[in-house]
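J.: Have a peek at protein_6.cif (mmCIF, C-alpha atoms).
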```
data_coords
loop_
_atom_site.label_atom_id
_atom_site.label_comp_id
_atom_site.auth_asym_id
_atom_site.auth_seq_id
_atom_site.Cartn_x
_atom_site.Cartn_y
_atom_site.Cartn_z
CA MET A 755 27.34 -81.87 -186.89
CA GLY A 756 29.99 -83.81 -188.81
CA TYR A 757 27.76 -86.76 -189.70
CA GLY A 758 28.45 -88.18 -193.15
CA LEU A 759 31.18 -85.65 -193.97
CA PRO A 760 33.01 -84.87 -196.18
CA TYR A 761 30.08 -86.25 -198.19
CA PRO A 762 26.69 -84.60 -197.51
CA LEU A 763 24.90 -87.80 -196.50
CA LEU A 764 22.59 -86.13 -193.99
CA ASN A 765 20.34 -84.42 -196.54
CA PRO A 766 20.75 -84.42 -200.35
CA ASP A 767 19.43 -80.85 -200.54
CA GLU A 768 22.70 -79.66 -199.00
CA ARG A 769 24.29 -80.34 -202.41
CA SER A 770 22.00 -77.73 -203.93
CA ILE A 771 22.79 -75.04 -201.34
CA VAL A 772 26.39 -75.25 -200.11
CA PRO A 773 28.29 -75.53 -203.42
CA ARG A 774 26.39 -72.50 -204.74
CA ALA A 775 27.27 -70.57 -201.58
CA TRP A 776 30.93 -71.53 -202.11
CA GLN A 777 30.82 -70.40 -205.74
CA MET A 778 29.24 -67.11 -204.70
CA ALA A 779 32.10 -66.52 -202.26
CA HIS A 780 34.75 -67.40 -204.86
CA GLY A 781 33.96 -65.12 -207.75
CA GLY A 782 30.89 -66.85 -209.09
CA GLY A 783 28.74 -63.75 -208.72
CA LEU A 784 25.63 -63.14 -206.65
CA ASP A 785 23.28 -64.83 -209.11
CA PRO A 786 23.06 -68.53 -208.18
CA GLY A 787 21.39 -69.30 -211.51
CA TRP A 788 19.02 -71.68 -209.73
CA TYR A 789 15.62 -70.64 -208.44
CA ASP A 790 13.96 -73.69 -206.91
CA TYR A 791 14.44 -71.66 -203.72
CA PRO A 792 15.13 -67.93 -203.39
CA SER A 793 18.75 -67.06 -202.65
CA LEU A 794 18.74 -65.61 -199.12
CA VAL A 795 20.06 -68.75 -197.42
CA ILE A 796 22.75 -69.19 -200.08
CA GLU A 797 23.82 -65.58 -199.45
CA LEU A 798 23.77 -66.20 -195.70
CA LEU A 799 26.13 -69.16 -196.01
CA ALA A 800 28.45 -67.61 -198.61
CA PRO A 801 30.65 -65.49 -196.28
CA PHE A 802 31.45 -68.59 -194.23
CA GLN A 803 32.84 -70.30 -197.35
CA LEU A 804 35.54 -67.65 -197.84
CA GLY A 805 39.10 -68.94 -197.64
CA LEU A 806 38.04 -72.55 -198.19
CA ASP A 807 39.41 -74.62 -201.07
CA GLU A 808 36.16 -76.51 -201.56
CA PRO A 809 32.56 -76.29 -200.35
CA SER A 810 32.38 -76.88 -196.58
CA TYR A 811 29.18 -78.56 -195.50
CA LEU A 812 30.30 -78.34 -191.87
CA ALA A 813 30.60 -74.53 -192.12
CA GLY A 814 27.11 -74.39 -193.60
CA ARG A 815 25.69 -76.59 -190.87
CA LEU A 816 27.28 -74.49 -188.14
CA VAL A 817 25.58 -71.38 -189.53
CA VAL A 818 22.20 -73.10 -189.66
CA VAL A 819 22.47 -74.52 -186.14
CA ALA A 820 23.15 -70.99 -184.89
CA VAL A 821 20.02 -69.83 -186.71
CA GLY A 822 18.17 -72.76 -185.15
CA VAL A 823 19.15 -71.67 -181.66
CA ALA A 824 18.01 -68.16 -182.59
CA GLY A 825 14.75 -69.78 -183.66
CA VAL A 826 14.22 -71.03 -180.12
CA ALA A 827 14.68 -67.46 -178.87
CA ALA A 828 12.27 -66.25 -181.56
CA ALA A 829 9.68 -68.77 -180.37
CA TRP A 830 10.06 -67.45 -176.81
CA TRP A 831 9.59 -63.92 -178.16
CA LEU A 832 6.46 -64.93 -180.06
CA GLY A 833 4.87 -66.75 -177.13
CA ALA A 834 5.76 -64.01 -174.64
CA ARG A 835 4.36 -61.23 -176.85
CA ALA A 836 1.21 -63.19 -177.57
CA TYR A 837 0.33 -64.63 -174.16
CA GLY A 838 2.96 -63.74 -171.56
CA LEU A 839 6.24 -65.10 -170.25
CA LEU A 840 4.96 -68.56 -169.38
CA ALA A 841 3.66 -69.02 -172.92
CA GLY A 842 7.02 -67.83 -174.20
CA PHE A 843 8.75 -70.50 -172.18
CA VAL A 844 6.40 -73.19 -173.49
CA ALA A 845 6.83 -72.04 -177.11
CA ALA A 846 10.62 -72.06 -176.74
CA ALA A 847 10.52 -75.54 -175.21
CA PHE A 848 8.29 -76.76 -178.04
CA THR A 849 10.78 -75.54 -180.61
CA ALA A 850 13.89 -76.65 -178.75
CA VAL A 851 12.86 -80.30 -178.39
CA ALA A 852 10.78 -80.83 -181.55
CA THR A 853 12.50 -83.64 -183.43
CA THR A 854 11.97 -82.00 -186.82
CA HIS A 855 13.38 -78.64 -185.73
CA ALA A 856 16.33 -80.24 -183.97
CA SER A 857 17.20 -82.47 -186.92
CA TYR A 858 16.92 -79.77 -189.61
CA SER A 859 18.97 -77.40 -187.46
CA ARG A 860 21.92 -79.68 -188.24
CA MET A 861 21.46 -79.43 -192.02
CA ALA A 862 22.67 -76.68 -194.33
CA VAL A 863 19.27 -76.27 -196.00
CA THR A 864 16.60 -73.58 -196.10
CA ASP A 865 13.96 -74.86 -193.69
CA VAL A 866 15.19 -73.70 -190.28
CA PRO A 867 16.23 -70.19 -191.43
CA PHE A 868 12.79 -69.90 -193.05
CA THR A 869 11.07 -71.00 -189.83
CA THR A 870 13.07 -68.56 -187.71
CA LEU A 871 12.17 -65.64 -189.97
CA VAL A 872 8.49 -66.66 -190.02
CA THR A 873 8.50 -66.73 -186.22
CA CYS A 874 10.13 -63.29 -186.00
CA SER A 875 7.59 -61.83 -188.41
CA LEU A 876 4.69 -63.23 -186.39
CA ALA A 877 6.20 -61.90 -183.15
CA LEU A 878 6.39 -58.44 -184.73
CA VAL A 879 2.78 -58.68 -185.95
CA VAL A 880 1.60 -59.63 -182.47
CA SER A 881 3.60 -56.69 -181.10
CA ARG A 882 1.76 -54.38 -183.55
CA ARG A 883 5.02 -53.46 -185.29
CA LEU A 884 3.45 -54.03 -188.67
CA GLU A 885 6.05 -52.32 -190.82
CA LEU A 886 8.91 -54.38 -189.38
CA ALA A 887 6.72 -57.48 -189.56
CA GLY A 888 6.25 -56.85 -193.28
CA ALA A 889 10.00 -56.54 -193.81
CA ALA A 890 10.59 -59.77 -191.88
CA ALA A 891 7.90 -61.47 -193.98
CA GLY A 892 9.75 -60.40 -197.12
CA LEU A 893 12.96 -61.92 -195.77
CA ALA A 894 11.10 -65.14 -194.91
CA ALA A 895 9.81 -65.32 -198.49
CA ALA A 896 13.38 -64.72 -199.69
CA ALA A 897 14.40 -67.82 -197.74
CA LYS A 898 11.54 -69.95 -199.07
CA TYR A 899 8.61 -69.00 -201.28
CA PRO A 900 5.82 -70.11 -198.85
CA GLY A 901 6.74 -67.06 -196.75
CA VAL A 902 4.10 -65.28 -198.82
CA VAL A 903 1.52 -66.88 -196.48
CA LEU A 904 2.58 -64.27 -193.89
CA LEU A 905 0.41 -61.82 -195.80
CA VAL A 906 -2.60 -63.45 -194.13
CA PRO A 907 -1.76 -62.55 -190.50
CA LEU A 908 -0.50 -59.15 -191.66
CA VAL A 909 -3.88 -58.39 -193.24
CA VAL A 910 -5.74 -59.80 -190.22
CA ALA A 911 -3.77 -57.53 -187.88
CA GLY A 912 -3.73 -54.42 -190.05
CA TRP A 913 -6.94 -54.31 -192.05
CA ARG A 914 -8.21 -51.38 -189.96
CA GLU A 915 -4.93 -49.50 -190.45
CA ARG A 916 -4.69 -49.62 -194.20
CA ARG A 917 -1.90 -47.10 -194.56
CA ARG A 918 0.35 -49.03 -192.18
CA LEU A 919 -0.67 -52.28 -193.85
CA GLY A 920 0.24 -50.86 -197.26
CA VAL A 921 3.62 -49.73 -195.95
CA ALA A 922 4.21 -53.17 -194.39
CA ILE A 923 3.43 -54.97 -197.65
CA GLY A 924 5.62 -52.52 -199.55
CA LEU A 925 8.52 -53.07 -197.16
CA GLY A 926 8.03 -56.81 -197.53
CA ALA A 927 8.34 -56.53 -201.30
CA VAL A 928 11.46 -54.38 -200.96
CA ALA A 929 13.02 -56.80 -198.45
CA PHE A 930 12.32 -59.75 -200.74
CA ALA A 931 13.82 -58.00 -203.75
CA ALA A 932 16.89 -56.89 -201.79
CA ALA A 933 17.51 -60.33 -200.28
CA SER A 934 16.82 -62.33 -203.45
CA PRO A 935 17.24 -59.86 -206.31
CA PHE A 936 17.84 -62.32 -209.12
CA VAL A 937 14.50 -64.00 -208.50
CA VAL A 938 13.00 -60.63 -209.47
CA ILE A 939 15.40 -60.03 -212.35
CA HIS A 940 14.78 -63.52 -213.75
CA ALA A 941 11.14 -63.62 -212.72
CA ARG A 942 9.98 -65.84 -215.58
CA GLU A 943 12.67 -68.46 -214.98
CA ALA A 944 12.14 -68.30 -211.22
CA TRP A 945 8.39 -68.73 -211.65
CA SER A 946 9.00 -71.74 -213.89
CA ASP A 947 11.36 -73.36 -211.36
CA ALA A 948 9.05 -72.70 -208.42
CA ALA A 949 6.01 -73.94 -210.35
CA ARG A 950 7.84 -77.12 -211.36
CA LEU A 951 8.83 -77.82 -207.75
CA SER A 952 5.29 -77.11 -206.56
CA GLU A 953 3.83 -79.43 -209.19
CA ARG A 954 6.16 -82.23 -208.11
CA ALA A 955 5.11 -81.75 -204.50
CA ARG A 956 1.48 -82.04 -205.59
CA GLU A 957 2.16 -85.20 -207.61
CA GLY A 958 4.01 -86.81 -204.73
CA TRP A 959 7.49 -88.21 -204.16
CA LEU A 960 8.93 -91.67 -203.87
CA GLY A 961 7.99 -93.11 -200.47
CA PHE A 962 4.74 -91.22 -199.86
CA GLU A 963 2.46 -93.47 -201.91
CA GLY A 964 0.86 -95.07 -198.84
CA ASP A 965 0.43 -91.92 -196.76
CA GLY A 966 -3.18 -91.32 -197.69
CA TRP A 967 -5.06 -88.08 -197.11
CA ALA A 968 -2.81 -85.01 -196.72
CA PRO A 969 -4.43 -83.65 -193.50
CA ILE A 970 -3.86 -86.96 -191.76
CA ALA A 971 -0.33 -87.28 -193.12
CA PHE A 972 0.73 -83.81 -192.00
CA ALA A 973 -0.99 -84.25 -188.63
CA ASP A 974 1.15 -87.36 -188.27
CA ARG A 975 4.27 -85.31 -189.10
CA LEU A 976 3.34 -82.91 -186.30
CA TRP A 977 2.89 -85.83 -183.92
CA GLU A 978 6.31 -87.16 -184.93
CA GLY A 979 7.74 -83.72 -184.14
CA VAL A 980 6.27 -82.94 -180.72
CA GLY A 981 4.33 -86.05 -179.70
CA PRO A 982 1.22 -85.81 -177.51
CA ALA A 983 1.89 -82.14 -176.69
CA VAL A 984 0.36 -81.35 -180.10
CA LEU A 985 -3.05 -82.17 -178.60
CA LEU A 986 -2.73 -79.29 -176.16
CA ALA A 987 -1.65 -77.04 -179.02
CA VAL A 988 -4.81 -77.96 -180.92
CA ALA A 989 -6.82 -77.19 -177.79
CA GLY A 990 -5.08 -73.80 -177.68
CA LEU A 991 -6.00 -73.22 -181.32
CA VAL A 992 -9.66 -74.01 -180.64
CA LEU A 993 -9.63 -71.63 -177.66
CA ALA A 994 -8.02 -68.93 -179.81
CA LEU A 995 -10.78 -69.26 -182.40
CA VAL A 996 -13.39 -68.94 -179.66
CA ARG A 997 -11.65 -66.09 -177.81
CA ARG A 998 -10.54 -64.17 -180.93
CA ARG A 999 -8.25 -61.65 -179.32
CA SER A 1000 -5.72 -59.92 -181.54
CA ALA A 1001 -2.90 -62.39 -180.87
CA ASP A 1002 -5.33 -65.30 -181.20
CA LEU A 1003 -6.41 -64.18 -184.66
CA VAL A 1004 -2.84 -63.60 -185.84
CA LEU A 1005 -1.58 -67.03 -184.80
CA ALA A 1006 -4.73 -68.91 -185.78
CA SER A 1007 -4.93 -67.24 -189.19
CA PHE A 1008 -1.33 -68.07 -190.01
CA GLY A 1009 -1.58 -71.62 -188.71
CA LEU A 1010 -4.77 -72.40 -190.64
CA ALA A 1011 -3.66 -70.62 -193.82
CA TYR A 1012 -0.27 -72.32 -193.84
CA PHE A 1013 -1.78 -75.74 -193.13
CA ALA A 1014 -4.26 -75.15 -195.97
CA THR A 1015 -1.33 -74.71 -198.39
CA LEU A 1016 -0.18 -78.23 -197.48
CA LEU A 1017 -3.49 -79.93 -198.26
CA PRO A 1018 -3.02 -80.24 -202.06
CA LEU A 1019 0.38 -81.92 -201.62
CA ASP A 1020 1.05 -85.63 -202.01
CA ALA A 1021 4.68 -85.19 -200.91
CA HIS A 1022 4.36 -85.15 -197.14
CA PHE A 1023 7.85 -84.13 -196.06
CA ASP A 1024 8.25 -83.57 -192.34
CA ARG A 1025 10.08 -80.29 -192.96
CA TYR A 1026 6.93 -78.76 -194.43
CA VAL A 1027 5.35 -78.48 -190.97
CA LEU A 1028 8.34 -76.71 -189.38
CA PRO A 1029 6.86 -73.15 -189.41
CA LEU A 1030 3.88 -74.45 -187.43
CA ILE A 1031 5.97 -75.67 -184.49
CA PRO A 1032 6.62 -72.29 -182.74
CA VAL A 1033 3.03 -71.20 -183.43
CA LEU A 1034 1.61 -74.36 -181.90
CA GLY A 1035 3.98 -73.94 -178.96
CA ALA A 1036 2.64 -70.45 -178.31
CA LEU A 1037 -0.96 -71.67 -178.60
CA ALA A 1038 -0.25 -74.50 -176.17
CA GLY A 1039 1.35 -71.95 -173.84
CA SER A 1040 -1.86 -69.90 -173.87
CA LEU A 1041 -3.40 -72.65 -171.72
CA ARG A 1042 -1.60 -71.41 -168.60
CA ALA A 1043 -3.19 -73.86 -166.19
CA LEU A 1044 -1.98 -76.75 -168.35
CA ALA A 1045 1.56 -75.44 -168.91
CA PRO A 1046 3.10 -77.95 -166.45
CA VAL A 1047 1.34 -80.79 -168.29
CA THR A 1048 2.62 -79.49 -171.63
CA LEU A 1049 6.19 -79.33 -170.36
CA VAL A 1050 5.99 -82.87 -169.01
CA LEU A 1051 4.64 -84.12 -172.34
CA LEU A 1052 7.56 -82.46 -174.11
CA LEU A 1053 9.83 -85.01 -172.46
CA VAL A 1054 8.62 -87.40 -175.16
CA PRO A 1055 10.03 -85.48 -178.17
CA LEU A 1056 13.08 -84.59 -176.08
CA THR A 1057 13.79 -88.31 -175.75
CA TRP A 1058 13.23 -88.80 -179.47
CA SER A 1059 15.59 -85.93 -180.34
CA ILE A 1060 18.30 -87.28 -178.05
CA GLY A 1061 17.97 -90.67 -179.76
CA ASP A 1062 18.27 -89.06 -183.19
CA ALA A 1063 21.37 -87.16 -182.13
CA ARG A 1064 22.92 -90.30 -180.65
CA ASP A 1065 22.45 -92.08 -183.99
CA LEU A 1066 24.44 -89.35 -185.72
CA THR A 1067 27.51 -90.15 -183.62
CA ARG A 1068 27.74 -93.49 -185.45
CA THR A 1069 29.17 -94.21 -188.91
CA ASP A 1070 26.87 -93.97 -191.91
CA THR A 1071 26.57 -97.26 -193.78
CA ARG A 1072 27.30 -95.46 -197.05
CA GLU A 1073 30.63 -94.20 -195.71
CA ALA A 1074 31.65 -97.73 -194.79
CA ALA A 1075 30.44 -99.06 -198.16
CA GLN A 1076 32.37 -96.37 -199.99
CA THR A 1077 35.56 -97.42 -198.18
CA TRP A 1078 34.96 -101.08 -199.06
CA ILE A 1079 34.29 -100.26 -202.73
CA GLU A 1080 37.41 -98.12 -203.11
CA ARG A 1081 39.59 -100.77 -201.48
CA ARG A 1082 38.12 -103.93 -203.00
CA LEU A 1083 36.97 -103.07 -206.52
CA PRO A 1084 39.50 -102.34 -209.27
CA PHE A 1085 39.65 -98.65 -210.03
CA ASP A 1086 38.94 -99.23 -213.72
CA SER A 1087 35.82 -101.30 -213.00
CA ARG A 1088 32.62 -99.73 -214.26
CA LEU A 1089 29.90 -98.99 -211.70
CA ALA A 1090 26.22 -98.09 -211.76
CA ALA A 1091 24.48 -96.86 -208.63
CA ASP A 1092 21.28 -95.58 -207.07
CA PRO A 1093 21.27 -91.81 -206.41
CA SER A 1094 21.32 -92.52 -202.67
CA ALA A 1095 24.28 -94.92 -202.91
CA PRO A 1096 27.62 -93.79 -201.48
CA PRO A 1097 29.80 -91.27 -203.33
CA PHE A 1098 32.74 -92.65 -205.32
CA ASP A 1099 36.20 -91.41 -206.17
CA ARG A 1100 35.69 -92.71 -209.72
CA PRO A 1101 33.19 -92.21 -212.55
CA ALA A 1102 29.89 -94.03 -212.09
CA LEU A 1103 26.57 -94.21 -213.89
CA ARG A 1104 23.89 -92.80 -211.57
CA PHE A 1105 20.29 -93.91 -211.98
CA GLU A 1106 17.53 -91.32 -211.83
CA LEU A 1107 15.48 -91.23 -208.63
CA PRO A 1108 12.12 -92.91 -209.37
CA ALA A 1109 9.33 -90.36 -209.36
CA PRO A 1110 5.67 -90.22 -210.42
CA TRP A 1111 6.29 -87.28 -212.77
CA GLN A 1112 8.81 -89.05 -215.03
CA ASP A 1113 9.20 -92.26 -217.00
CA PRO A 1114 11.24 -95.10 -215.48
CA ASP A 1115 14.99 -94.86 -216.02
CA ALA A 1116 15.55 -97.30 -218.91
CA ARG A 1117 19.09 -97.93 -217.68
CA ARG A 1118 17.65 -99.89 -214.74
CA ASP A 1119 17.89 -103.12 -216.73
CA VAL A 1120 20.38 -105.90 -216.03
CA ALA A 1121 20.80 -106.90 -219.69
CA ARG A 1122 21.32 -103.30 -220.84
CA LEU A 1123 23.85 -102.67 -218.10
CA ARG A 1124 25.85 -105.70 -219.19
CA LEU A 1125 25.80 -104.49 -222.79
CA ARG A 1126 27.16 -101.14 -221.60
CA GLY A 1127 30.03 -102.92 -219.85
CA ILE A 1128 28.82 -102.21 -216.31
CA GLU A 1129 30.45 -104.68 -213.93
CA TYR A 1130 28.99 -103.71 -210.53
CA VAL A 1131 25.70 -102.21 -209.36
CA VAL A 1132 25.45 -100.45 -206.00
CA ILE A 1133 21.99 -100.04 -204.45
CA SER A 1134 20.69 -98.91 -201.08
CA GLY A 1135 17.57 -99.32 -199.01
CA ALA A 1136 16.91 -95.59 -199.20
CA VAL A 1137 15.57 -96.18 -202.73
CA ALA A 1138 15.06 -99.93 -203.09
CA ASP A 1139 12.89 -100.34 -199.98
CA ARG A 1140 10.63 -97.47 -200.99
CA VAL A 1141 10.31 -98.84 -204.53
CA ARG A 1142 9.33 -102.27 -203.22
CA ALA A 1143 6.79 -100.73 -200.85
CA GLY A 1144 5.26 -98.88 -203.82
CA ALA A 1145 5.76 -101.63 -206.42
CA ALA A 1146 2.36 -100.98 -207.96
CA ASP A 1147 3.46 -97.42 -208.76
CA TYR A 1148 7.01 -98.33 -209.82
CA PRO A 1149 6.74 -101.76 -211.49
CA ALA A 1150 9.77 -101.36 -213.78
CA GLU A 1151 12.05 -100.35 -210.91
CA ALA A 1152 10.70 -103.16 -208.72
CA ARG A 1153 11.42 -105.69 -211.48
CA PHE A 1154 14.98 -104.37 -211.75
CA TYR A 1155 15.72 -104.94 -208.07
CA ALA A 1156 14.18 -108.41 -208.25
CA ALA A 1157 16.29 -109.19 -211.33
CA LEU A 1158 19.46 -108.17 -209.50
CA GLU A 1159 18.69 -110.72 -206.80
CA ARG A 1160 18.12 -113.46 -209.42
CA ARG A 1161 20.65 -112.70 -212.12
CA ALA A 1162 23.59 -111.03 -210.36
CA ARG A 1163 25.88 -112.10 -207.55
CA ARG A 1164 25.84 -110.06 -204.36
CA VAL A 1165 29.41 -109.49 -203.22
CA TYR A 1166 28.77 -107.07 -200.36
CA ARG A 1167 25.98 -105.94 -198.08
CA LEU A 1168 26.06 -103.74 -194.99
CA ASP A 1169 23.02 -103.29 -192.76
CA PRO A 1170 22.53 -100.66 -190.05
CA GLY A 1171 23.12 -101.75 -186.49
CA GLY A 1172 25.90 -101.70 -183.94
CA GLU A 1173 28.36 -99.01 -184.98
CA TYR A 1174 26.49 -98.25 -188.23
CA VAL A 1175 23.41 -96.18 -189.00
CA GLY A 1176 21.71 -95.34 -192.28
CA PRO A 1177 20.19 -97.37 -195.12
CA TRP A 1178 21.47 -100.82 -196.02
CA VAL A 1179 23.89 -100.86 -198.94
CA ALA A 1180 24.57 -103.76 -201.31
CA VAL A 1181 26.97 -104.34 -204.21
CA TYR A 1182 26.14 -106.78 -207.03
CA ARG A 1183 28.50 -108.13 -209.63
CA LEU A 1184 26.95 -108.52 -213.08
#
```
Show me the file's structure as structure tokens.
T.:
Amino acid sequence: MGYGLPYPLLNPDERSIVPRAWQMAHGGGLDPGWYDYPSLVIELLAPFQLGLDEPSYLAGRLVVVAVGVAGVAAAWWLGARAYGLLAGFVAAAFTAVATTHASYSRMAVTDVPFTTLVTCSLALVVSRRLELAGAAAGLAAAAKYPGVVLLVPLVVAGWRERRRLGVAIGLGAVAFAAASPFVVIHAREAWSDAARLSERAREGWLGFEGDGWAPIAFADRLWEGVGPAVLLAVAGLVLALVRRRSADLVLASFGLAYFATLLPLDAHFDRYVLPLIPVLGALAGSLRALAPVTLVLLLVPLTWSIGDARDLTRTDTREAAQTWIERRLPFDSRLAADPSAPPFDRPALRFELPAPWQDPDARRDVARLRLRGIEYVVISGAVADRVRAGAADYPAEARFYAALERRARRVYRLDPGGEYVGPWVAVYRL
């Protein structure tokens, strides 16, 4: 839980969430003034920032890991309501060992709270508690905008009970507005922020250039999360579409509708498939005769998750590089650095992250940096390796890293291995 602290090296999105929660708890008001995500998770973390002199990423992570554990219970609830206790056990096991769910449960970001609320809403739909399911769907959307997809299973379950369905949708709207009111108050700005983020996801992100077709890429993310057990979940989905009982239609409609929203995206982040994990676990659990096989197969992602957790007990390479830089380089020396390079206790020029939606950062030029008086450049494999792998898409950035090798002197490099984990970090003197 303390990996990379006091710097949030585990996930850069923590920098968007936790400081705003701290400001909210210290007189900054309830409006975060930032609408890439709705504000429910920021509000959830804010009370745990009270009494702290600066934003606490550890406090935020502890809240999210508690929500992650609750998400395992929610998966059990969903599976048990849909297909019985054995299915509940399988769904809970799916969620507990899935590498993606386990890893994001350690991060103070929106994805695991969103997944837990989605799972609760689906469990309420399956239980025919449509009004409460609608309210839970509104809270899920207040954690992350894709929660709106929960309208699909709500309509599937309640289309014959239109009054109840109308009440459920109305409660969902009220819950969303109550949990994220400033998204409603500043609807135009929120729409602009959400649309910009969605457009960037459709255009792709650095590192996904070679992923290919979105269905294959996201199927691969599911495999990376739960391993071969996903095959039994797919078999459960096929059976649900053939059997078409009420619970089958609810889970299948959500799973297919949510997966369909991923198809236009060229940014294939593993976190995008998180809401599917409990649903697939419940569908796998519906194959009662194969439940022992499913549980045995889940030993594979369990092993992966243990390995991931073991890595986080080691020192991040960027922490070690930061210590070296602060000790070895004069404090008045001028630095430039990749956005993924270690944090510094001194001013530094930070390059923009290369992205398909923007022009190359003109400051990534050895001659220009020298003219600006920059003495050292700090880079890391988290950006440089992805640029080199996609050199055809980022030719200017690739030329910059090649020029550093030719025209600057490397004075430091730290690679992962032994007591260190993370991207390699290098320092060049111009």
J.: Could you write out as a list in words the residues that the PyMOL selection byres ((chain A and resi 963-978) around 8) matches in the shown file?
T.: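 That expression, the PyMOL selection byres ((chain A and resi 963-978) around 8), corresponds here to Thr853, Thr854, Gly958, Trp959, Leu960, Gly961, Phe962, Gly979, Val980, Gly981, Pro982, Val984, Leu1016, Leu1017, Pro1018, Leu1019, Asp1020, His1022, Phe1023, Asp1024, Val1027, Ile1031, Pro1055, Gly1144 and Asp1147 of chain A.
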J.: Contacts of stretch 925-936 of chain A at 12 Å or less, counting all atoms listed in the file, minus same-chain residues fewer than 2 places along, as a PyMOL selection string?
T.: chain A and resi 783-789+791-798+875+884-899+901-902+904-905+908+918-923+938-945
J.: Between atom CA of A:Leu1056 and atom CA of A:Val851, what is the spacing in Å?
T.: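 That distance, rounded to one decimal, is 4.9 Å.
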J.: With the PyMOL selection byres ((chain A and resi 1051) around 12) as the selection, what would be picked from this file? Answer as an MDAnalysis selection string, please.
T.: chainID A and resid 844 847:848 851:852 977 980:987 1038 1044:1050 1052:1057
J.: For the provided coordinates, the residues matched by the PyMOL selection byres ((chain A and resi 1068) around 6) should be stated as a PDB file with C-alpha atoms, keeping the file's coordinate frame.
T.:
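Result saved to expr.pdb:
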```pdb
ATOM      1  CA  ASP A1065      22.450 -92.080-183.990  1.00  0.00           C
ATOM      2  CA  LEU A1066      24.440 -89.350-185.720  1.00  0.00           C
ATOM      3  CA  THR A1067      27.510 -90.150-183.620  1.00  0.00           C
ATOM      4  CA  THR A1069      29.170 -94.210-188.910  1.00  0.00           C
ATOM      5  CA  GLU A1173      28.360 -99.010-184.980  1.00  0.00           C
ATOM      6  CA  TYR A1174      26.490 -98.250-188.230  1.00  0.00           C
TER       7      TYR A1174
END
```
J.: Mind listing whatever residues come within 12 Å of the point (14.2, -98.1, -199.5)? Use only C-alpha atoms, file coordinates, and give them as a tab-separated table (two decimals) with C-alpha atoms, in the coordinates of the input.
T.:
```tsv
chain	number	residue	atom	x	y	z
A	960	LEU	CA	8.93	-91.67	-203.87
A	961	GLY	CA	7.99	-93.11	-200.47
A	962	PHE	CA	4.74	-91.22	-199.86
A	1092	ASP	CA	21.28	-95.58	-207.07
A	1093	PRO	CA	21.27	-91.81	-206.41
A	1094	SER	CA	21.32	-92.52	-202.67
A	1095	ALA	CA	24.28	-94.92	-202.91
A	1107	LEU	CA	15.48	-91.23	-208.63
A	1108	PRO	CA	12.12	-92.91	-209.37
A	1133	ILE	CA	21.99	-100.04	-204.45
A	1134	SER	CA	20.69	-98.91	-201.08
A	1135	GLY	CA	17.57	-99.32	-199.01
A	1136	ALA	CA	16.91	-95.59	-199.20
A	1137	VAL	CA	15.57	-96.18	-202.73
A	1138	ALA	CA	15.06	-99.93	-203.09
A	1139	ASP	CA	12.89	-100.34	-199.98
A	1140	ARG	CA	10.63	-97.47	-200.99
A	1141	VAL	CA	10.31	-98.84	-204.53
A	1142	ARG	CA	9.33	-102.27	-203.22
A	1143	ALA	CA	6.79	-100.73	-200.85
A	1144	GLY	CA	5.26	-98.88	-203.82
A	1145	ALA	CA	5.76	-101.63	-206.42
A	1151	GLU	CA	12.05	-100.35	-210.91
A	1152	ALA	CA	10.70	-103.16	-208.72
A	1155	TYR	CA	15.72	-104.94	-208.07
A	1176	GLY	CA	21.71	-95.34	-192.28
A	1177	PRO	CA	20.19	-97.37	-195.12
A	1178	TRP	CA	21.47	-100.82	-196.02
A	1179	VAL	CA	23.89	-100.86	-198.94
A	1180	ALA	CA	24.57	-103.76	-201.31
```
J.: So how many Å separate atom CA of A:Pro760 and atom CA of A:Glu808, to one decimal?
T.: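 The value is 10.4 Å.
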J.: Need the shell around A:Val818: protein/DNA/RNA residues with any atom at most 6 Å away, counting all atoms listed in the file. Skip same-chain ones fewer than 2 positions apart. Format as a ChimeraX atom specification?
T.: /A:815-816,820-821,859,862
J.: Just the number, please: distance in Å from atom CA of A:Trp1078 to atom CA of A:Tyr811, one decimal.
T.: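 These atoms are spaced 23.5 Å apart.
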J.: Could you please give me, as a ChimeraX atom specification, the residues of protein, DNA or RNA lying at most 12 Å from (22.1, -107.0, -205.9) in the coordinate frame of the file, considering only C-alpha atoms?
T.: /A:1090-1092,1120,1129-1135,1138,1154-1167,1178-1184
J.: Nearest residue to A:Val1004 out of A:Ala1074, A:Leu1028, A:Ala836, A:Leu1125, using all atoms listed in the file?
T.: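 Of all the options, A:Ala836 lies closest to A:Val1004.
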J.: Out of A:Leu840, A:Leu1030, A:Ala827, A:Leu804, which residue has the shortest atom-to-atom distance to A:Phe868 when counting only C-alpha atoms?
T.: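 Between A:Leu840, A:Leu1030, A:Ala827, A:Leu804, the residue approaching A:Phe868 most closely is A:Leu1030.
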